[in-house]
Amino acid sequence: MIRRAFMLVALVALLAPPAGAQETAPLSDLEWIRTGGPLGGLGYDVRMRPDAPDTMLVTDAWAGMFMSTDAGASWFPANDGITTRTGPSGDAIPVFCTTIDPSDPDIVWAGTQNVRGIFRSEDGGYSWAQRDSGVVENEGITFRGFAVDPGDSDVVWAAAEISSWAGGRPERPGRGFDMVEGVVYKTTNGGAGWSPVWRGDNLARYIWIDPTAPDTVYVSTGIFDREAANSDPGLGTPGGEGVLKTTDGGVTWRNTNDGLDNLYIGSLFMHPEDPQTLLAAAGSNVYYGGTGVYLTTDGAETWTPVLRDPVEEIEGFHSVEFALADPNIAYAASSARVYRSEDRGRTWRAMTPPESAWGDPPVRGGFPIDLQVDPRDPDRLFINAYGGGNFLSTDAGRTWTMASTGYTGAQTRGIGVDPDHPGRVWVTGRSGLFVSTDGGGTWTGQSPFDPWPTFEGMAFAIASDGTMLEADNVERGIAFGSGEEWDYRSLALPSGQAVRSLAFAPSQPGIAYAGVGAFFTPSYFDDMIAGGGIYRTDDGGRRWSPAVDDLAAAAHVSGLAVDPFDPDRVFAATVNQGLLRSEDAGAGWKTVSSRNDIAVYAVAIHPTDPGIVLSGSRGIFRSVDGGETFERISAGIAPESAFVDFVFDPEHSDIVYAADIGSGVYRSDDAGLSWQAINTGLRTRAVNALAISRDGLHLYAATEGEGVYRLDLSGNPPAEAPIAAPTTTTTTPPPEPLPPTTQSPTTAATASSPAASAPAGDDGSPWILWAGGATLLAALALVGRRRRRSRRSG
């Protein structure tokens with residue numbers, strides 16, 4: 001009896017949680033926490049309320065409208081009543097532009113991207129009502145700006161872009177971007193009805209009304225990442241419309257371009273005291289001639305170039321603005337520098353130091369799509385970046401700090417949790433590599449690359465010993481380090497290829513694999529293109545070698561998983577070869593999925609039973625014999641799901657989480673046999689990647705357009721874990737790796753890909769990095785109209 005009692009006590013002690021352990025809460029009680037970061041998305045307009053400048057609005061074409069009531073220190077979503085939705089999960093809120101009524105600041109206007117949507121607020125942006133009756137385009141229209149008559153709030157003008165594919169027309173790709181038309185709509189009854197007053201051969205962006213003669217209106221047309229419908233890509237003829245002017249309220253229009261050497265006018269600003277004086281910014285990423293800043297003092301009858309681009313800024317300028325507090329002061333910004341004038345725009349000096357770029361190092365600001373100078377202080381200004389996020393300068397543009405706490409539309413692609421610190425999470429995406437040391441409450445930019453910061457990040461992995469790998473789509477290599485120190489290795493990949501997936505070997509963290517995909521644009525991989533196979537490192541990322549045979553050499557690899565006990569046994573999920581498996585460190589590969597013409601996006605191996613393998617495609621497939629056979633699992637899963645990531649609970653190996661780009665996050669408590677959705681609190685179900693803390697108590701989700709979310713499975717947040725500032729070591733280029741054994745082409749997958757693979761660019765537009773230069777150039781994304789409609793382009 002005593003022996004039995006002892007055994008019972010021992011059994012209870014064995015099954016009891018260890019001291020200090022936290023129990024997980026029931027799934028029904030769990031709710032995702034929106035971290036509000038990191039910085040990123042597709043920003044466009046930033047506005048200050050004229051009568052209370054500490055109240056601000058900013059737009060993002062993924063996450064919608066955001067408001068700040070503390071001068072930009074923090075932001076919160078303000079989308080009540082905005083009903084338009086897009087994106088891979090139907091959750092994206094594509095708010096693109098906004099304008100505050102100068103006479104009644106409680107009235108605010110907002111317009112959407114790629115679909116019809118004009119919304120009006122009467123309470124300063126807290127709630128909205130749709131007001132787009134009379135707009136004839138349903139799809140393919142993007143509203144880019146509004147202007148309200150300063151003497152009559154019912155008279156409003158709306159500037160818009162009409163995509164070439166609008167109305168079911170065939171796409172018209174130019175040298176690098178869509179060849180678009182433009183339209184200006186006008187309402188005289190507060191948005192109850194709209195009528196077009198101008199249509200032309202380039203998009204309309206800014207509208208300015210002469211306050212002394214409100215029938216006189218100016219419109220700027222064009223932007224750097226679109227091409228005019230009347231351009232000729234073959235002949236290199238830019239086309240365009242330039243600046244438009246009407247003096248009869250929009251009945252008639254004329255082009256007022258005398259002196260303009262480039263007609264892609266992405267920004268226009270009227271002097272606050274002299275409506276005859278306007279500044280214009282000209283820029284194009286495919287037609288460089290004549291880009292710069294122009295000034296008119298005679299109501300746009302003639303223009304004078306006042307600021308030309310240095311060689312490194314050939315794409316031109318993107319924003320200009322006069323300071324209301326001191327109208328002698330004006331600002332102009334390019335992707336590299338911020339300039340200031342103190343004589344009404346006649347002469348300029350660079351505020352950005354030489355050999356640097358504006359931003360908050362190591363985060364580079366990028367394309368400054370909109371400026372907002374504080375009406376109380378001419379030295380205080382915000383820039384909203386096309387790649388997402390606000391930046392604030394309080395010293396006239398010399399230095400900048402990120403001002404985006406709570407505001408994000410970040411497209412995040414790779415994520416990992418520090419093995420020793422559940423509150424320390426790393427994430428990479430289109431806006432670069434960031435780390436949070438407080439579970440996502442605040443974010444800091446990181447830079448594995450010197451001198452250029454990381455951006456277009458697509459993959460991230462962290463080993464059990466804390467070693468990290470990060471891959472981007474611009475330099476096309478892999479960074480490795482501890483988070484405090486970084487180094488970088490190029491894989492010498494051809495243009496159009498980059499690492500899409502990374503995985504460490506759990507049993508030997510010095511061993512890792514990298515899977516190479518392909519793209520038309522660095523922002524997104526394209527599943528219709530063959531990739532570059534698999535690489536392996538045996539020393540934590542310092543040296544990489546191809547790990548392919550003839551079958552895998554051109555595999556487009558979207559996911560990797562390494563056996564928990566055997567570092568030479570690895571699975572590769574590919575979009576053009578099905579699911580591959582190697583038993584000999586990549587020397588030989590075998591297709592183990594039932595078909596090789598269906599895209600497979602993710603693969604995972606059970607951490608204690610490597611016979612159980614999960615495969616993510618258009619559904620979940622499960623193997624219990626090490627990948628020899630698979631069974632489709634459907635219990636609890638939404639139809640037409642596209643699973644892109646799996647993560648097993650380190651503490652409870654039969655618990656596994658899955659990410660679907662269309663229907664969110666799922667959990668299985670029986671090693672993948674059945675599933676339950678856990679989406680409460682997620683504003684978007686478009687989830688690209690998952691990561692879980694080593695204690696199994698904190699799950700993180702990297703989303704497409706809403707940044708990072710956190711799920712505290714115990715109900716308690718993780719502890720903070722500060723980290724030292726990183727340092728970067730740039731070494732001489734390592735020896736180029738041996739070429740793959742073959743480059744034979746393979747048949748691309750015919751299945752449509754998740755949103756994280758669909759073409760789009762920095763603003764949704766395609767880019768290529770010039771070898772030996774820092775200028776990003778456009779590369780044509782030849783994709784079908786259906787995919788173009790869903791892309792997040794600017």
# chains A, B, ... in the order shown; residues from 1 in each chain; ligands from 1
>>> residues_around(residues="segment 680-686 of chain A", least_positions_apart="6", cutoff="7 Å", atoms="only C-alpha atoms", output="compact mmCIF listing (two decimals) with C-alpha atoms, in the first residue's frame")
# COMPACT_ATOMS: atom_id res chain seq x y z
CA GLU A 31 -8.00 37.05 -28.47
CA TRP A 32 -5.24 38.28 -30.77
CA ILE A 33 -3.52 41.51 -29.82
CA PRO A 88 -6.44 38.05 -50.22
CA SER A 89 -8.73 37.53 -47.23
CA ASP A 91 -10.16 42.19 -44.94
CA ALA A 92 -7.88 44.90 -46.34
CA ASP A 660 -3.83 30.43 -44.27
CA ILE A 661 -3.47 33.51 -46.44
CA GLY A 662 -7.25 33.70 -46.85
CA SER A 663 -8.92 32.45 -43.67
CA GLY A 664 -6.45 33.12 -40.87
CA THR A 703 0.23 39.36 -41.71
CA GLU A 704 -0.16 40.76 -45.19
CA GLU A 706 -1.61 44.59 -40.75
>>> select_by_dssp(residues="segment 172-303 of chain A", states="strand (DSSP E or B)", output="ChimeraX atom specification")
/A:173,178-187,195-200,204-209,217-221,227-228,232,237,243-246,254-255,265-270,278-283,292-296
>>> write_last_selection(atoms="C-alpha atoms", output="PDB file, in the first residue's frame")
ATOM      1  CA  PRO A 173       1.757  47.617 -69.769  1.00  0.00           C
ATOM      2  CA  ASP A 178       0.504  50.376 -66.126  1.00  0.00           C
ATOM      3  CA  MET A 179      -0.457  52.947 -68.776  1.00  0.00           C
ATOM      4  CA  VAL A 180      -3.265  54.792 -67.049  1.00  0.00           C
ATOM      5  CA  GLU A 181      -5.860  57.434 -67.705  1.00  0.00           C
ATOM      6  CA  GLY A 182      -7.270  59.988 -65.312  1.00  0.00           C
ATOM      7  CA  VAL A 183     -10.554  61.546 -64.289  1.00  0.00           C
ATOM      8  CA  VAL A 184     -11.680  64.467 -62.148  1.00  0.00           C
ATOM      9  CA  TYR A 185     -15.093  64.243 -60.528  1.00  0.00           C
ATOM     10  CA  LYS A 186     -16.994  67.148 -58.979  1.00  0.00           C
ATOM     11  CA  THR A 187     -19.914  67.359 -56.565  1.00  0.00           C
ATOM     12  CA  SER A 195     -20.123  64.131 -62.262  1.00  0.00           C
ATOM     13  CA  PRO A 196     -16.912  63.841 -64.281  1.00  0.00           C
ATOM     14  CA  VAL A 197     -15.577  67.209 -65.406  1.00  0.00           C
ATOM     15  CA  TRP A 198     -12.318  66.055 -66.988  1.00  0.00           C
ATOM     16  CA  ARG A 199     -10.929  62.849 -68.491  1.00  0.00           C
ATOM     17  CA  GLY A 200      -7.443  62.520 -69.897  1.00  0.00           C
ATOM     18  CA  ALA A 204      -5.029  63.134 -61.588  1.00  0.00           C
ATOM     19  CA  ARG A 205      -3.317  63.652 -58.222  1.00  0.00           C
ATOM     20  CA  TYR A 206      -3.476  67.070 -56.515  1.00  0.00           C
ATOM     21  CA  ILE A 207      -6.231  69.648 -56.910  1.00  0.00           C
ATOM     22  CA  TRP A 208      -5.888  73.265 -55.808  1.00  0.00           C
ATOM     23  CA  ILE A 209      -8.681  75.858 -55.761  1.00  0.00           C
ATOM     24  CA  VAL A 217      -8.743  75.212 -60.289  1.00  0.00           C
ATOM     25  CA  TYR A 218      -5.381  73.521 -60.883  1.00  0.00           C
ATOM     26  CA  VAL A 219      -4.819  69.769 -61.220  1.00  0.00           C
ATOM     27  CA  SER A 220      -1.505  67.934 -61.251  1.00  0.00           C
ATOM     28  CA  THR A 221      -1.305  64.717 -63.233  1.00  0.00           C
ATOM     29  CA  GLU A 227       2.836  55.732 -67.253  1.00  0.00           C
ATOM     30  CA  ALA A 228       0.564  57.967 -69.271  1.00  0.00           C
ATOM     31  CA  ASP A 232       4.846  55.266 -76.344  1.00  0.00           C
ATOM     32  CA  THR A 237       7.911  58.987 -75.694  1.00  0.00           C
ATOM     33  CA  VAL A 243      -0.696  70.636 -65.088  1.00  0.00           C
ATOM     34  CA  LEU A 244      -4.332  71.374 -65.946  1.00  0.00           C
ATOM     35  CA  LYS A 245      -6.165  74.627 -65.336  1.00  0.00           C
ATOM     36  CA  THR A 246      -9.796  75.662 -65.538  1.00  0.00           C
ATOM     37  CA  ARG A 254      -6.249  73.590 -70.804  1.00  0.00           C
ATOM     38  CA  ASN A 255      -2.752  72.249 -70.205  1.00  0.00           C
ATOM     39  CA  ILE A 265       3.719  65.998 -61.769  1.00  0.00           C
ATOM     40  CA  GLY A 266       3.347  63.900 -58.648  1.00  0.00           C
ATOM     41  CA  SER A 267       2.997  66.848 -56.261  1.00  0.00           C
ATOM     42  CA  LEU A 268       1.588  70.364 -56.454  1.00  0.00           C
ATOM     43  CA  PHE A 269       1.256  72.988 -53.719  1.00  0.00           C
ATOM     44  CA  MET A 270      -0.232  76.483 -53.729  1.00  0.00           C
ATOM     45  CA  LEU A 278       2.687  77.171 -56.982  1.00  0.00           C
ATOM     46  CA  LEU A 279       5.416  74.570 -56.606  1.00  0.00           C
ATOM     47  CA  ALA A 280       5.388  71.366 -58.654  1.00  0.00           C
ATOM     48  CA  ALA A 281       7.431  68.185 -58.254  1.00  0.00           C
ATOM     49  CA  ALA A 282       8.158  66.167 -61.384  1.00  0.00           C
ATOM     50  CA  GLY A 283       9.355  62.579 -61.265  1.00  0.00           C
ATOM     51  CA  GLY A 292      12.907  68.199 -60.623  1.00  0.00           C
ATOM     52  CA  VAL A 293      11.067  70.982 -58.815  1.00  0.00           C
ATOM     53  CA  TYR A 294       9.369  73.786 -60.767  1.00  0.00           C
ATOM     54  CA  LEU A 295       7.984  77.165 -59.674  1.00  0.00           C
ATOM     55  CA  THR A 296       5.302  79.361 -61.189  1.00  0.00           C
TER      56      THR A 296
END
>>> closest_residue(among="A:Ser623, A:Thr574, A:Thr444, A:Ser127", to="Val600 of chain A", atoms="only C-alpha atoms")
A:Thr574
>>> atom_distance(atom1="atom CA of Asp550 of chain A", atom2="atom CA of Thr521 of chain A")
26.6 Å
>>> residues_around(residues="Trp128 of chain A", least_positions_apart="3", cutoff="9 Å", atoms="only C-alpha atoms", output="mmCIF file with N, CA, C and O atoms, in the first residue's frame")
data_model
loop_
_atom_site.group_PDB
_atom_site.id
_atom_site.type_symbol
_atom_site.label_atom_id
_atom_site.label_comp_id
_atom_site.auth_asym_id
_atom_site.auth_seq_id
_atom_site.Cartn_x
_atom_site.Cartn_y
_atom_site.Cartn_z
ATOM 1 N N ALA A 78 -9.269 54.283 -37.570
ATOM 2 C CA ALA A 78 -10.479 55.104 -37.598
ATOM 3 C C ALA A 78 -11.240 54.794 -38.879
ATOM 4 O O ALA A 78 -11.293 55.611 -39.802
ATOM 5 N N ASN A 79 -11.836 53.604 -38.934
ATOM 6 C CA ASN A 79 -12.461 53.114 -40.160
ATOM 7 C C ASN A 79 -13.943 52.793 -40.010
ATOM 8 O O ASN A 79 -14.525 52.135 -40.877
ATOM 9 N N ASP A 80 -14.558 53.253 -38.933
ATOM 10 C CA ASP A 80 -15.965 52.952 -38.713
ATOM 11 C C ASP A 80 -16.810 53.527 -39.851
ATOM 12 O O ASP A 80 -16.846 54.732 -40.053
ATOM 13 N N GLY A 81 -17.474 52.654 -40.585
ATOM 14 C CA GLY A 81 -18.310 53.084 -41.700
ATOM 15 C C GLY A 81 -17.646 52.954 -43.051
ATOM 16 O O GLY A 81 -18.331 53.028 -44.091
ATOM 17 N N ILE A 82 -16.337 52.766 -43.087
ATOM 18 C CA ILE A 82 -15.655 52.521 -44.363
ATOM 19 C C ILE A 82 -15.828 51.037 -44.674
ATOM 20 O O ILE A 82 -15.234 50.179 -44.017
ATOM 21 N N VAL A 108 -14.389 65.454 -43.347
ATOM 22 C CA VAL A 108 -13.192 64.835 -43.910
ATOM 23 C C VAL A 108 -13.627 63.918 -45.047
ATOM 24 O O VAL A 108 -14.667 63.238 -44.966
ATOM 25 N N TRP A 109 -12.814 63.878 -46.094
ATOM 26 C CA TRP A 109 -13.082 63.023 -47.247
ATOM 27 C C TRP A 109 -11.996 61.965 -47.361
ATOM 28 O O TRP A 109 -10.827 62.215 -47.059
ATOM 29 N N ALA A 110 -12.379 60.779 -47.815
ATOM 30 C CA ALA A 110 -11.435 59.679 -48.022
ATOM 31 C C ALA A 110 -11.795 58.939 -49.295
ATOM 32 O O ALA A 110 -12.979 58.774 -49.623
ATOM 33 N N PHE A 119 -15.766 58.298 -49.245
ATOM 34 C CA PHE A 119 -16.395 58.327 -47.941
ATOM 35 C C PHE A 119 -16.249 59.711 -47.329
ATOM 36 O O PHE A 119 -15.241 60.392 -47.516
ATOM 37 N N ARG A 120 -17.292 60.098 -46.573
ATOM 38 C CA ARG A 120 -17.339 61.417 -45.945
ATOM 39 C C ARG A 120 -17.565 61.251 -44.444
ATOM 40 O O ARG A 120 -18.395 60.456 -44.008
ATOM 41 N N SER A 121 -16.806 62.003 -43.673
ATOM 42 C CA SER A 121 -16.984 62.026 -42.223
ATOM 43 C C SER A 121 -17.439 63.407 -41.805
ATOM 44 O O SER A 121 -16.983 64.416 -42.353
ATOM 45 N N GLU A 122 -18.332 63.447 -40.832
ATOM 46 C CA GLU A 122 -18.799 64.715 -40.288
ATOM 47 C C GLU A 122 -18.390 64.892 -38.832
ATOM 48 O O GLU A 122 -18.827 65.842 -38.184
ATOM 49 N N ASP A 123 -17.568 63.976 -38.331
ATOM 50 C CA ASP A 123 -17.103 64.081 -36.944
ATOM 51 C C ASP A 123 -15.585 63.998 -36.848
ATOM 52 O O ASP A 123 -15.032 63.429 -35.916
ATOM 53 N N GLY A 125 -13.446 62.336 -38.689
ATOM 54 C CA GLY A 125 -12.801 61.089 -39.091
ATOM 55 C C GLY A 125 -13.090 59.907 -38.193
ATOM 56 O O GLY A 125 -12.581 58.813 -38.436
#
>>> residues_around(residues="Val516 of chain A", least_positions_apart="2", cutoff="8 Å", atoms="only C-alpha atoms", output="ChimeraX atom specification")
/A:497-501,514,518,531-535,555-558
>>> atom_distance(atom1="atom CA of Gly388 of chain A", atom2="atom CA of Gly43 of chain A")
4.5 Å
>>> closest_residue(among="A:Pro211, A:Gly316, A:Gly707, A:Pro26", to="Asn285 of chain A", atoms="only C-alpha atoms")
A:Gly316
>>> residues_around(residues="Arg175 of chain A", least_positions_apart="2", cutoff="7 Å", atoms="only C-alpha atoms", output="MDAnalysis selection string")
chainID A and resid 173 177 233 286 780
>>> atom_distance(atom1="atom CA of Val575 of chain A", atom2="atom CA of Asp527 of chain A")
6.0 Å
>>> residues_around(residues="Val665 of chain A", least_positions_apart="6", cutoff="6 Å", atoms="only C-alpha atoms", output="mmCIF file with N, CA and C atoms, in the first residue's frame")
data_model
loop_
_atom_site.group_PDB
_atom_site.id
_atom_site.type_symbol
_atom_site.label_atom_id
_atom_site.label_comp_id
_atom_site.auth_asym_id
_atom_site.auth_seq_id
_atom_site.Cartn_x
_atom_site.Cartn_y
_atom_site.Cartn_z
ATOM 1 N N ALA A 658 -1.502 26.547 -37.860
ATOM 2 C CA ALA A 658 -1.371 26.684 -39.307
ATOM 3 C C ALA A 658 -1.856 28.066 -39.734
ATOM 4 N N ALA A 659 -1.200 28.629 -40.741
ATOM 5 C CA ALA A 659 -1.562 29.940 -41.276
ATOM 6 C C ALA A 659 -2.085 29.788 -42.689
ATOM 7 N N ALA A 677 -10.408 27.156 -36.150
ATOM 8 C CA ALA A 677 -9.947 28.514 -36.426
ATOM 9 C C ALA A 677 -9.838 29.302 -35.132
ATOM 10 N N ILE A 678 -8.795 30.113 -35.012
ATOM 11 C CA ILE A 678 -8.600 31.001 -33.844
ATOM 12 C C ILE A 678 -8.280 32.400 -34.366
#
>>> residues_around(residues="segment 342-355 of chain A", least_positions_apart="6", cutoff="7 Å", atoms="only C-alpha atoms", output="VMD selection string")
chain A and resid 295 306 to 307 327 to 330 397 to 398
>>> write_last_selection(atoms="all heavy atoms", output="PDB file, in the first residue's frame")
ATOM      1  N   LEU A 295       8.686  76.063 -60.349  1.00  0.00           N
ATOM      2  CA  LEU A 295       7.984  77.165 -59.674  1.00  0.00           C
ATOM      3  C   LEU A 295       7.267  78.010 -60.715  1.00  0.00           C
ATOM      4  O   LEU A 295       7.814  78.322 -61.777  1.00  0.00           O
ATOM      5  CB  LEU A 295       8.993  78.031 -58.909  1.00  0.00           C
ATOM      6  CG  LEU A 295       8.466  79.316 -58.256  1.00  0.00           C
ATOM      7  CD1 LEU A 295       7.546  78.988 -57.084  1.00  0.00           C
ATOM      8  CD2 LEU A 295       9.638  80.197 -57.800  1.00  0.00           C
ATOM      9  N   VAL A 306      13.630  75.068 -60.600  1.00  0.00           N
ATOM     10  CA  VAL A 306      14.362  75.672 -59.489  1.00  0.00           C
ATOM     11  C   VAL A 306      15.210  74.654 -58.730  1.00  0.00           C
ATOM     12  O   VAL A 306      16.065  75.054 -57.925  1.00  0.00           O
ATOM     13  CB  VAL A 306      13.394  76.369 -58.513  1.00  0.00           C
ATOM     14  CG1 VAL A 306      12.801  77.612 -59.159  1.00  0.00           C
ATOM     15  CG2 VAL A 306      12.295  75.426 -58.042  1.00  0.00           C
ATOM     16  N   LEU A 307      14.989  73.378 -58.971  1.00  0.00           N
ATOM     17  CA  LEU A 307      15.781  72.353 -58.291  1.00  0.00           C
ATOM     18  C   LEU A 307      15.860  71.131 -59.189  1.00  0.00           C
ATOM     19  O   LEU A 307      14.856  70.475 -59.443  1.00  0.00           O
ATOM     20  CB  LEU A 307      15.153  71.989 -56.945  1.00  0.00           C
ATOM     21  CG  LEU A 307      15.860  70.921 -56.107  1.00  0.00           C
ATOM     22  CD1 LEU A 307      17.297  71.333 -55.790  1.00  0.00           C
ATOM     23  CD2 LEU A 307      15.092  70.648 -54.815  1.00  0.00           C
ATOM     24  N   PRO A 327       5.401  81.334 -44.925  1.00  0.00           N
ATOM     25  CA  PRO A 327       5.266  80.979 -46.339  1.00  0.00           C
ATOM     26  C   PRO A 327       6.513  81.227 -47.181  1.00  0.00           C
ATOM     27  O   PRO A 327       6.537  80.836 -48.357  1.00  0.00           O
ATOM     28  CB  PRO A 327       4.111  81.873 -46.809  1.00  0.00           C
ATOM     29  CG  PRO A 327       3.349  82.212 -45.577  1.00  0.00           C
ATOM     30  CD  PRO A 327       4.395  82.314 -44.502  1.00  0.00           C
ATOM     31  N   ASN A 328       7.538  81.860 -46.604  1.00  0.00           N
ATOM     32  CA  ASN A 328       8.792  81.948 -47.337  1.00  0.00           C
ATOM     33  C   ASN A 328       9.517  80.607 -47.371  1.00  0.00           C
ATOM     34  O   ASN A 328      10.405  80.397 -48.197  1.00  0.00           O
ATOM     35  CB  ASN A 328       9.712  83.003 -46.697  1.00  0.00           C
ATOM     36  CG  ASN A 328       9.211  84.411 -46.928  1.00  0.00           C
ATOM     37  OD1 ASN A 328       8.736  84.732 -48.003  1.00  0.00           O
ATOM     38  ND2 ASN A 328       9.308  85.248 -45.893  1.00  0.00           N
ATOM     39  N   ILE A 329       9.162  79.724 -46.455  1.00  0.00           N
ATOM     40  CA  ILE A 329       9.832  78.433 -46.331  1.00  0.00           C
ATOM     41  C   ILE A 329       9.051  77.379 -47.113  1.00  0.00           C
ATOM     42  O   ILE A 329       7.816  77.319 -47.044  1.00  0.00           O
ATOM     43  CB  ILE A 329       9.959  78.025 -44.852  1.00  0.00           C
ATOM     44  CG1 ILE A 329      10.895  78.991 -44.133  1.00  0.00           C
ATOM     45  CG2 ILE A 329      10.461  76.586 -44.717  1.00  0.00           C
ATOM     46  CD1 ILE A 329      10.980  78.760 -42.636  1.00  0.00           C
ATOM     47  N   ALA A 330       9.780  76.565 -47.846  1.00  0.00           N
ATOM     48  CA  ALA A 330       9.182  75.468 -48.595  1.00  0.00           C
ATOM     49  C   ALA A 330      10.092  74.257 -48.487  1.00  0.00           C
ATOM     50  O   ALA A 330      11.297  74.379 -48.209  1.00  0.00           O
ATOM     51  CB  ALA A 330       8.979  75.848 -50.055  1.00  0.00           C
ATOM     52  N   GLY A 397      14.052  69.024 -41.258  1.00  0.00           N
ATOM     53  CA  GLY A 397      14.378  67.958 -42.199  1.00  0.00           C
ATOM     54  C   GLY A 397      15.774  67.416 -42.098  1.00  0.00           C
ATOM     55  O   GLY A 397      16.159  66.558 -42.899  1.00  0.00           O
ATOM     56  N   ARG A 398      16.554  67.878 -41.116  1.00  0.00           N
ATOM     57  CA  ARG A 398      17.919  67.367 -40.989  1.00  0.00           C
ATOM     58  C   ARG A 398      17.925  65.926 -40.482  1.00  0.00           C
ATOM     59  O   ARG A 398      18.648  65.073 -40.994  1.00  0.00           O
ATOM     60  CB  ARG A 398      18.726  68.265 -40.044  1.00  0.00           C
ATOM     61  CG  ARG A 398      18.994  69.666 -40.577  1.00  0.00           C
ATOM     62  CD  ARG A 398      19.770  70.491 -39.560  1.00  0.00           C
ATOM     63  NE  ARG A 398      20.085  71.821 -40.064  1.00  0.00           N
ATOM     64  CZ  ARG A 398      19.262  72.862 -39.970  1.00  0.00           C
ATOM     65  NH1 ARG A 398      18.073  72.700 -39.402  1.00  0.00           N
ATOM     66  NH2 ARG A 398      19.602  74.039 -40.448  1.00  0.00           N
TER      67      ARG A 398
END
>>> closest_atom_pairs(of="segment 111-193 of chain A", to="segment 62-67 of chain A", cutoff="10 Å", atoms="only C-alpha atoms", output="Markdown table")
| residue | atom | partner | partner_atom | distance |
| --- | --- | --- | --- | --- |
| A:Thr112 | CA | A:Gly64 | CA | 8.8 |
| A:Gln113 | CA | A:Trp62 | CA | 9.5 |
| A:Gly124 | CA | A:Met67 | CA | 9.5 |
| A:Gly125 | CA | A:Met67 | CA | 7.7 |
| A:Tyr126 | CA | A:Met67 | CA | 8.3 |
>>> write_last_selection(atoms="all heavy atoms", output="PDB file, in the first residue's frame")
ATOM      1  N   THR A 112     -10.661  55.446 -51.960  1.00  0.00           N
ATOM      2  CA  THR A 112     -10.085  54.105 -51.923  1.00  0.00           C
ATOM      3  C   THR A 112      -9.290  53.793 -53.180  1.00  0.00           C
ATOM      4  O   THR A 112      -9.361  54.500 -54.192  1.00  0.00           O
ATOM      5  CB  THR A 112     -11.177  53.050 -51.735  1.00  0.00           C
ATOM      6  OG1 THR A 112     -12.143  53.173 -52.787  1.00  0.00           O
ATOM      7  CG2 THR A 112     -11.875  53.219 -50.401  1.00  0.00           C
ATOM      8  N   GLN A 113      -8.561  52.684 -53.109  1.00  0.00           N
ATOM      9  CA  GLN A 113      -7.663  52.263 -54.174  1.00  0.00           C
ATOM     10  C   GLN A 113      -8.247  51.074 -54.934  1.00  0.00           C
ATOM     11  O   GLN A 113      -8.706  50.092 -54.336  1.00  0.00           O
ATOM     12  CB  GLN A 113      -6.306  51.871 -53.599  1.00  0.00           C
ATOM     13  CG  GLN A 113      -5.294  51.440 -54.658  1.00  0.00           C
ATOM     14  CD  GLN A 113      -4.205  50.569 -54.084  1.00  0.00           C
ATOM     15  OE1 GLN A 113      -4.458  49.723 -53.248  1.00  0.00           O
ATOM     16  NE2 GLN A 113      -2.984  50.769 -54.550  1.00  0.00           N
ATOM     17  N   GLY A 124     -14.910  64.528 -37.866  1.00  0.00           N
ATOM     18  CA  GLY A 124     -13.462  64.616 -37.840  1.00  0.00           C
ATOM     19  C   GLY A 124     -12.733  63.334 -38.158  1.00  0.00           C
ATOM     20  O   GLY A 124     -11.531  63.222 -37.925  1.00  0.00           O
ATOM     21  N   GLY A 125     -13.446  62.336 -38.689  1.00  0.00           N
ATOM     22  CA  GLY A 125     -12.801  61.089 -39.091  1.00  0.00           C
ATOM     23  C   GLY A 125     -13.090  59.907 -38.193  1.00  0.00           C
ATOM     24  O   GLY A 125     -12.581  58.813 -38.436  1.00  0.00           O
ATOM     25  N   TYR A 126     -13.915  60.084 -37.180  1.00  0.00           N
ATOM     26  CA  TYR A 126     -14.237  58.960 -36.291  1.00  0.00           C
ATOM     27  C   TYR A 126     -15.223  57.986 -36.942  1.00  0.00           C
ATOM     28  O   TYR A 126     -15.157  56.779 -36.698  1.00  0.00           O
ATOM     29  CB  TYR A 126     -14.803  59.475 -34.974  1.00  0.00           C
ATOM     30  CG  TYR A 126     -13.771  60.097 -34.066  1.00  0.00           C
ATOM     31  CD1 TYR A 126     -13.566  61.467 -34.060  1.00  0.00           C
ATOM     32  CD2 TYR A 126     -13.001  59.313 -33.220  1.00  0.00           C
ATOM     33  CE1 TYR A 126     -12.616  62.054 -33.223  1.00  0.00           C
ATOM     34  CE2 TYR A 126     -12.043  59.877 -32.381  1.00  0.00           C
ATOM     35  CZ  TYR A 126     -11.857  61.249 -32.387  1.00  0.00           C
ATOM     36  OH  TYR A 126     -10.910  61.822 -31.561  1.00  0.00           O
TER      37      TYR A 126
END
